[in-house]
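Pasting target_21.pdb here (PDB, C-alpha atoms, pLDDT in the B column):
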ATOM      1  CA  MET A 127      17.148  -5.703  -7.341  1.00 36.00           C
ATOM      2  CA  THR A 128      14.107  -5.155  -9.518  1.00 40.00           C
ATOM      3  CA  ASP A 129      10.944  -7.051 -10.411  1.00 43.00           C
ATOM      4  CA  ARG A 130      10.599  -8.570  -6.940  1.00 49.00           C
ATOM      5  CA  LEU A 131       8.188  -7.960  -4.095  1.00 53.00           C
ATOM      6  CA  TYR A 132       8.714  -9.491  -0.688  1.00 55.00           C
ATOM      7  CA  VAL A 133       6.386  -9.994   2.277  1.00 55.00           C
ATOM      8  CA  LYS A 134       6.933 -11.273   5.784  1.00 56.00           C
ATOM      9  CA  LYS A 135       5.169 -14.618   6.322  1.00 60.00           C
ATOM     10  CA  ASP A 136       5.593 -16.847   9.365  1.00 64.00           C
ATOM     11  CA  GLY A 137       8.622 -14.817  10.478  1.00 63.00           C
ATOM     12  CA  GLN A 138      10.370 -15.219   7.118  1.00 62.00           C
ATOM     13  CA  ILE A 139      10.803 -12.793   4.222  1.00 62.00           C
ATOM     14  CA  VAL A 140       9.517 -14.526   1.082  1.00 60.00           C
ATOM     15  CA  PRO A 141       9.163 -13.387  -2.542  1.00 60.00           C
ATOM     16  CA  VAL A 142       5.683 -12.971  -4.016  1.00 56.00           C
ATOM     17  CA  ALA A 143       4.690 -13.293  -7.641  1.00 51.00           C
ATOM     18  CA  ILE A 144       3.949  -9.968  -9.309  1.00 46.00           C
ATOM     19  CA  GLU A 145       0.950 -10.454 -11.546  1.00 46.00           C
ATOM     20  CA  GLY A 146      -0.299  -8.166 -14.266  1.00 43.00           C
ATOM     21  CA  SER A 147      -3.822  -6.806 -14.111  1.00 44.00           C
ATOM     22  CA  GLY A 148      -4.621  -6.907 -17.817  1.00 45.00           C
ATOM     23  CA  GLY A 149      -4.933  -4.034 -20.250  1.00 47.00           C
ATOM     24  CA  THR A 150      -1.790  -2.031 -20.738  1.00 52.00           C
ATOM     25  CA  THR A 151      -0.982  -1.511 -17.062  1.00 57.00           C
ATOM     26  CA  SER A 152       2.604  -2.314 -16.148  1.00 70.00           C
ATOM     27  CA  ARG A 153       4.363  -2.438 -12.815  1.00 79.00           C
ATOM     28  CA  SER A 154       7.879  -1.467 -11.897  1.00 85.00           C
ATOM     29  CA  VAL A 155       9.204  -2.788  -8.584  1.00 86.00           C
ATOM     30  CA  PHE A 156      12.189  -1.428  -6.684  1.00 87.00           C
ATOM     31  CA  TYR A 157      13.605  -3.250  -3.655  1.00 84.00           C
ATOM     32  CA  SER A 158      16.183  -1.899  -1.184  1.00 87.00           C
ATOM     33  CA  THR A 159      17.714  -3.398   1.951  1.00 80.00           C
ATOM     34  CA  SER A 160      20.988  -3.293   3.897  1.00 80.00           C
ATOM     35  CA  ARG A 161      21.950   0.321   3.254  1.00 88.00           C
ATOM     36  CA  SER A 162      25.251   1.410   4.813  1.00 91.00           C
ATOM     37  CA  SER A 163      23.649   4.094   7.012  1.00 92.00           C
ATOM     38  CA  THR A 164      20.344   5.314   8.383  1.00 94.00           C
ATOM     39  CA  LEU A 165      18.153   7.156   5.888  1.00 94.00           C
ATOM     40  CA  THR A 166      17.350  10.359   7.775  1.00 96.00           C
ATOM     41  CA  ALA A 167      13.782  11.706   7.689  1.00 97.00           C
ATOM     42  CA  GLY A 168      13.327  14.127   4.798  1.00 96.00           C
ATOM     43  CA  THR A 169      16.229  12.749   2.748  1.00 94.00           C
ATOM     44  CA  ALA A 170      15.339  11.984  -0.873  1.00 93.00           C
ATOM     45  CA  PHE A 171      15.102   8.257  -1.605  1.00 93.00           C
ATOM     46  CA  THR A 172      15.200   7.152  -5.248  1.00 93.00           C
ATOM     47  CA  GLY A 173      12.800   4.470  -6.493  1.00 91.00           C
ATOM     48  CA  PRO A 174      10.920   3.670  -9.701  1.00 91.00           C
ATOM     49  CA  GLN A 175       9.472   6.408 -11.887  1.00 91.00           C
ATOM     50  CA  TYR A 176       5.852   7.359 -11.135  1.00 91.00           C
ATOM     51  CA  VAL A 177       3.423  10.240 -11.643  1.00 89.00           C
ATOM     52  CA  VAL A 178       3.359  12.586  -8.641  1.00 91.00           C
ATOM     53  CA  GLY A 179      -0.092  12.934  -7.090  1.00 89.00           C
ATOM     54  CA  ASP A 180      -1.984  10.225  -8.996  1.00 86.00           C
ATOM     55  CA  TYR A 181      -1.511   7.316  -6.565  1.00 87.00           C
ATOM     56  CA  SER A 182       0.602   5.410  -9.087  1.00 89.00           C
ATOM     57  CA  LEU A 183       3.136   4.520  -6.361  1.00 92.00           C
ATOM     58  CA  ASP A 184       2.811   2.102  -3.432  1.00 93.00           C
ATOM     59  CA  VAL A 185       5.558   2.128  -0.796  1.00 95.00           C
ATOM     60  CA  PHE A 186       6.096  -0.710   1.694  1.00 94.00           C
ATOM     61  CA  LEU A 187       8.440  -0.736   4.702  1.00 94.00           C
ATOM     62  CA  ASN A 188       9.241  -4.187   6.101  1.00 92.00           C
ATOM     63  CA  GLY A 189       6.149  -5.507   4.301  1.00 89.00           C
ATOM     64  CA  LEU A 190       3.738  -2.850   5.620  1.00 93.00           C
ATOM     65  CA  ARG A 191       2.050  -0.477   3.168  1.00 94.00           C
ATOM     66  CA  LEU A 192       2.858   3.140   4.018  1.00 95.00           C
ATOM     67  CA  THR A 193       0.420   6.037   3.712  1.00 93.00           C
ATOM     68  CA  LYS A 194       1.357   8.905   1.397  1.00 93.00           C
ATOM     69  CA  GLY A 195       1.359  12.185   3.303  1.00 92.00           C
ATOM     70  CA  VAL A 196       1.740  10.405   6.646  1.00 92.00           C
ATOM     71  CA  GLU A 197       4.800   8.111   6.477  1.00 96.00           C
ATOM     72  CA  TYR A 198       6.270   9.533   3.274  1.00 97.00           C
ATOM     73  CA  THR A 199       5.857  12.380   0.812  1.00 97.00           C
ATOM     74  CA  GLU A 200       6.300  12.419  -2.940  1.00 96.00           C
ATOM     75  CA  ALA A 201       9.315  14.566  -3.780  1.00 94.00           C
ATOM     76  CA  SER A 202       9.722  14.114  -7.554  1.00 95.00           C
ATOM     77  CA  THR A 203       8.828  11.607 -10.281  1.00 94.00           C
ATOM     78  CA  THR A 204      11.556   9.255  -9.016  1.00 94.00           C
ATOM     79  CA  THR A 205      12.021  10.165  -5.336  1.00 96.00           C
ATOM     80  CA  ILE A 206      10.132  10.115  -2.053  1.00 96.00           C
ATOM     81  CA  ALA A 207      11.036  11.396   1.414  1.00 97.00           C
ATOM     82  CA  PHE A 208      10.191   9.385   4.519  1.00 97.00           C
ATOM     83  CA  THR A 209       8.809  11.313   7.494  1.00 97.00           C
ATOM     84  CA  SER A 210      10.884   9.345  10.014  1.00 97.00           C
ATOM     85  CA  ASP A 211      14.344   7.789  10.013  1.00 97.00           C
ATOM     86  CA  ILE A 212      14.727   4.444   8.201  1.00 96.00           C
ATOM     87  CA  LYS A 213      17.269   2.016   9.675  1.00 95.00           C
ATOM     88  CA  PRO A 214      19.899   0.446   7.383  1.00 93.00           C
ATOM     89  CA  THR A 215      18.308  -2.996   7.818  1.00 92.00           C
ATOM     90  CA  ASP A 216      14.741  -1.856   7.040  1.00 93.00           C
ATOM     91  CA  GLU A 217      13.399  -3.254   3.771  1.00 93.00           C
ATOM     92  CA  ILE A 218      11.881  -0.740   1.363  1.00 94.00           C
ATOM     93  CA  THR A 219       9.760  -1.872  -1.583  1.00 92.00           C
ATOM     94  CA  ALA A 220       8.312   0.667  -4.022  1.00 93.00           C
ATOM     95  CA  VAL A 221       5.880  -0.364  -6.750  1.00 91.00           C
ATOM     96  CA  SER A 222       4.874   2.056  -9.507  1.00 91.00           C
ATOM     97  CA  TYR A 223       1.959   1.508 -11.859  1.00 84.00           C
ATOM     98  CA  ALA A 224       1.780   2.866 -15.380  1.00 74.00           C
ATOM     99  CA  GLY A 225      -0.571   2.358 -18.272  1.00 61.00           C
ATOM    100  CA  SER A 226      -3.768   3.393 -19.938  1.00 47.00           C
ATOM    101  CA  THR A 227      -6.305   1.442 -17.908  1.00 51.00           C
ATOM    102  CA  GLY A 228      -7.307   4.510 -15.889  1.00 58.00           C
ATOM    103  CA  ALA A 229      -6.446   5.973 -12.525  1.00 71.00           C
ATOM    104  CA  ARG A 230      -6.319   4.163  -9.210  1.00 84.00           C
ATOM    105  CA  ALA A 231      -8.626   5.399  -6.467  1.00 89.00           C
ATOM    106  CA  VAL A 232      -7.112   5.565  -2.981  1.00 91.00           C
ATOM    107  CA  GLN A 233      -9.024   6.446   0.177  1.00 93.00           C
ATOM    108  CA  THR A 234      -7.183   6.978   3.466  1.00 93.00           C
ATOM    109  CA  ASP A 235      -8.887   7.156   6.870  1.00 93.00           C
ATOM    110  CA  GLU A 236      -6.260   7.741   9.598  1.00 90.00           C
ATOM    111  CA  SER A 237      -8.607   7.654  12.604  1.00 87.00           C
ATOM    112  CA  ARG A 238     -12.239   7.944  13.554  1.00 92.00           C
ATOM    113  CA  SER A 239     -14.103   9.204  16.643  1.00 94.00           C
ATOM    114  CA  ALA A 240     -15.335   5.642  17.273  1.00 94.00           C
ATOM    115  CA  GLY A 241     -14.336   2.146  16.241  1.00 95.00           C
ATOM    116  CA  ILE A 242     -16.137   0.191  13.531  1.00 96.00           C
ATOM    117  CA  THR A 243     -18.037  -2.785  14.917  1.00 97.00           C
ATOM    118  CA  ALA A 244     -18.168  -6.171  13.198  1.00 97.00           C
ATOM    119  CA  GLY A 245     -20.992  -6.375  10.669  1.00 97.00           C
ATOM    120  CA  THR A 246     -20.952  -2.625   9.963  1.00 97.00           C
ATOM    121  CA  SER A 247     -20.866  -1.219   6.420  1.00 97.00           C
ATOM    122  CA  TYR A 248     -17.904   0.962   5.488  1.00 97.00           C
ATOM    123  CA  THR A 249     -18.000   3.316   2.499  1.00 97.00           C
ATOM    124  CA  VAL A 250     -15.273   2.841  -0.130  1.00 97.00           C
ATOM    125  CA  PRO A 251     -14.577   4.344  -3.572  1.00 95.00           C
ATOM    126  CA  THR A 252     -16.750   2.896  -6.358  1.00 95.00           C
ATOM    127  CA  TYR A 253     -15.461  -0.468  -7.558  1.00 94.00           C
ATOM    128  CA  PRO A 254     -16.759  -3.349  -9.701  1.00 93.00           C
ATOM    129  CA  LEU A 255     -18.289  -6.025  -7.424  1.00 94.00           C
ATOM    130  CA  GLY A 256     -16.579  -9.409  -7.634  1.00 92.00           C
ATOM    131  CA  ALA A 257     -13.774  -8.218  -9.927  1.00 91.00           C
ATOM    132  CA  GLN A 258     -11.026  -8.385  -7.255  1.00 90.00           C
ATOM    133  CA  LYS A 259     -10.098  -4.742  -7.867  1.00 91.00           C
ATOM    134  CA  LEU A 260     -10.447  -3.695  -4.202  1.00 94.00           C
ATOM    135  CA  SER A 261      -7.642  -3.907  -1.607  1.00 93.00           C
ATOM    136  CA  VAL A 262      -8.028  -2.883   2.033  1.00 95.00           C
ATOM    137  CA  TYR A 263      -5.122  -2.234   4.415  1.00 94.00           C
ATOM    138  CA  LEU A 264      -5.340  -1.792   8.212  1.00 94.00           C
ATOM    139  CA  GLY A 265      -2.290  -0.153   9.722  1.00 92.00           C
ATOM    140  CA  GLY A 266      -0.386  -1.095   6.572  1.00 92.00           C
ATOM    141  CA  LEU A 267      -1.306  -4.794   6.670  1.00 93.00           C
ATOM    142  CA  LYS A 268      -3.525  -6.304   3.992  1.00 92.00           C
ATOM    143  CA  PHE A 269      -7.015  -6.830   5.485  1.00 94.00           C
ATOM    144  CA  GLU A 270      -9.292  -9.484   4.047  1.00 93.00           C
ATOM    145  CA  ASP A 271     -11.889  -9.917   6.793  1.00 95.00           C
ATOM    146  CA  PHE A 272     -14.690  -8.137   4.922  1.00 96.00           C
ATOM    147  CA  GLU A 273     -17.453  -8.892   2.443  1.00 97.00           C
ATOM    148  CA  GLU A 274     -18.360  -6.868  -0.601  1.00 96.00           C
ATOM    149  CA  ALA A 275     -21.751  -5.270   0.043  1.00 97.00           C
ATOM    150  CA  THR A 276     -22.431  -2.764  -2.737  1.00 97.00           C
ATOM    151  CA  ALA A 277     -20.352  -1.048  -5.420  1.00 96.00           C
ATOM    152  CA  THR A 278     -19.540   1.644  -2.813  1.00 97.00           C
ATOM    153  CA  SER A 279     -19.380  -0.279   0.471  1.00 97.00           C
ATOM    154  CA  ILE A 280     -17.948  -3.300   2.239  1.00 98.00           C
ATOM    155  CA  ARG A 281     -19.125  -5.009   5.427  1.00 98.00           C
ATOM    156  CA  VAL A 282     -16.336  -5.514   7.959  1.00 97.00           C
ATOM    157  CA  LEU A 283     -16.446  -8.882   9.727  1.00 96.00           C
ATOM    158  CA  THR A 284     -14.101  -7.950  12.585  1.00 95.00           C
ATOM    159  CA  ALA A 285     -14.151  -4.826  14.727  1.00 96.00           C
ATOM    160  CA  ILE A 286     -11.696  -2.071  13.748  1.00 96.00           C
ATOM    161  CA  PRO A 287     -10.407   0.265  16.497  1.00 95.00           C
ATOM    162  CA  ALA A 288     -10.917   4.024  16.085  1.00 94.00           C
ATOM    163  CA  LYS A 289      -7.171   4.748  15.884  1.00 93.00           C
ATOM    164  CA  MET A 290      -6.458   2.028  13.281  1.00 94.00           C
ATOM    165  CA  PRO A 291      -5.599   3.624   9.906  1.00 94.00           C
ATOM    166  CA  ILE A 292      -7.580   2.242   6.953  1.00 96.00           C
ATOM    167  CA  THR A 293      -6.439   2.555   3.334  1.00 95.00           C
ATOM    168  CA  VAL A 294      -8.628   1.371   0.473  1.00 95.00           C
ATOM    169  CA  VAL A 295      -7.176   0.985  -3.039  1.00 93.00           C
ATOM    170  CA  VAL A 296      -9.367   0.424  -6.101  1.00 92.00           C
ATOM    171  CA  GLU A 297      -7.579  -0.668  -9.256  1.00 86.00           C
ATOM    172  CA  SER A 298      -9.184   0.448 -12.493  1.00 75.00           C
TER     173      SER A 298
END
What is this structure when it is put down as structure tokens?
Amino acid sequence: MTDRLYVKKDGQIVPVAIEGSGGTTSRSVFYSTSRSSTLTAGTAFTGPQYVVGDYSLDVFLNGLRLTKGVEYTEASTTTIAFTSDIKPTDEITAVSYAGSTGARAVQTDESRSAGITAGTSYTVPTYPLGAQKLSVYLGGLKFEDFEEATATSIRVLTAIPAKMPITVVVES
């Protein structure tokens, strides 16, 4: 199936609208479920075409955003390799972004020496305040319990444990 993105909500898998972001950016969505066998770690998995190394690909497993270099690696312009086995019933969604609106900025913070307390500022890549171009993920789940503070920081409203991976994506 193509042009669909699914998320888990209230125990159900539901489709989500895929919206454009203006300019000439386009998205290509690839969805895979119910494979006949386990996808062994390191095996090439084919998805949509993307540019290797420029963060133009987002990969989700059962609705959780995966971290490039941790849960998967980019193998070619159309394939990735997962770093652990993927069960036949696991749902894989890959979204590639293409266009001339500029590069995406992605910041990954796998763990810290201490947690982040509520009310603390957290540095992020430069983004336009109020333009809804900033996405934050904790452990692969979309995190929205923060306030924009400056063009390079957010203020977290809930404590974040030291071992909780944080990924920040800024759309251009």
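The space separating atom CA of A:Ile292 from atom CA of A:Phe272 comes to 12.7 Å.
Listed by chain and then by number, the residues chosen by the PyMOL selection byres ((chain A and resi 256) around 12) in this file are A:Tyr253, A:Pro254, A:Leu255, A:Ala257, A:Gln258, A:Lys259, A:Leu260, A:Glu273, A:Glu274, A:Ala275, A:Thr276, A:Ala277, A:Ile280.
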For the PyMOL selection byres ((chain A and resi 172) around 12), applied here, can you spell out every residue it catches as an mmCIF file with C-alpha atoms, keeping the file's coordinate frame?
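result.cif written:
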data_model
loop_
_atom_site.group_PDB
_atom_site.id
_atom_site.type_symbol
_atom_site.label_atom_id
_atom_site.label_comp_id
_atom_site.auth_asym_id
_atom_site.auth_seq_id
_atom_site.Cartn_x
_atom_site.Cartn_y
_atom_site.Cartn_z
ATOM 1 C CA PHE A 156 12.189 -1.428 -6.684
ATOM 2 C CA TYR A 157 13.605 -3.250 -3.655
ATOM 3 C CA SER A 158 16.183 -1.899 -1.184
ATOM 4 C CA LEU A 165 18.153 7.156 5.888
ATOM 5 C CA THR A 169 16.229 12.749 2.748
ATOM 6 C CA ALA A 170 15.339 11.984 -0.873
ATOM 7 C CA PHE A 171 15.102 8.257 -1.605
ATOM 8 C CA GLY A 173 12.800 4.470 -6.493
ATOM 9 C CA PRO A 174 10.920 3.670 -9.701
ATOM 10 C CA GLN A 175 9.472 6.408 -11.887
ATOM 11 C CA TYR A 176 5.852 7.359 -11.135
ATOM 12 C CA VAL A 185 5.558 2.128 -0.796
ATOM 13 C CA GLU A 200 6.300 12.419 -2.940
ATOM 14 C CA ALA A 201 9.315 14.566 -3.780
ATOM 15 C CA SER A 202 9.722 14.114 -7.554
ATOM 16 C CA THR A 203 8.828 11.607 -10.281
ATOM 17 C CA THR A 204 11.556 9.255 -9.016
ATOM 18 C CA THR A 205 12.021 10.165 -5.336
ATOM 19 C CA ILE A 206 10.132 10.115 -2.053
ATOM 20 C CA ALA A 207 11.036 11.396 1.414
ATOM 21 C CA PHE A 208 10.191 9.385 4.519
ATOM 22 C CA ILE A 218 11.881 -0.740 1.363
ATOM 23 C CA THR A 219 9.760 -1.872 -1.583
ATOM 24 C CA ALA A 220 8.312 0.667 -4.022
#
| Test item: which residues lie within 6 Å of (-0.1, -1.1, 6.2) counting all atoms listed in the file, as a ChimeraX atom specification | /A:190-192,263-267
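The nearest approach to A:Gly241 among the residues A:Val282, A:Ile212, A:Met290, A:Val221, with only C-alpha atoms taken into account, belongs to A:Met290.
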| field | Top pick for closest residue to A:Lys289, considering A:Ser237, A:Thr166, A:Asn188, A:Thr249 and counting only C-alpha atoms | value | A:Ser237
| Nearby residues (only C-alpha atoms) at most 8 Å from A:Tyr181, same-chain spacing under 3 positions excluded, as an MDAnalysis selection string | chainID A and resid 177:178 184 229:232
| message | My list of candidates is A:Thr193, A:Thr252, A:Ser279, A:Ser239. Which is closest to A:Thr293 when distances are computed with only C-alpha atoms? | response | A:Thr193
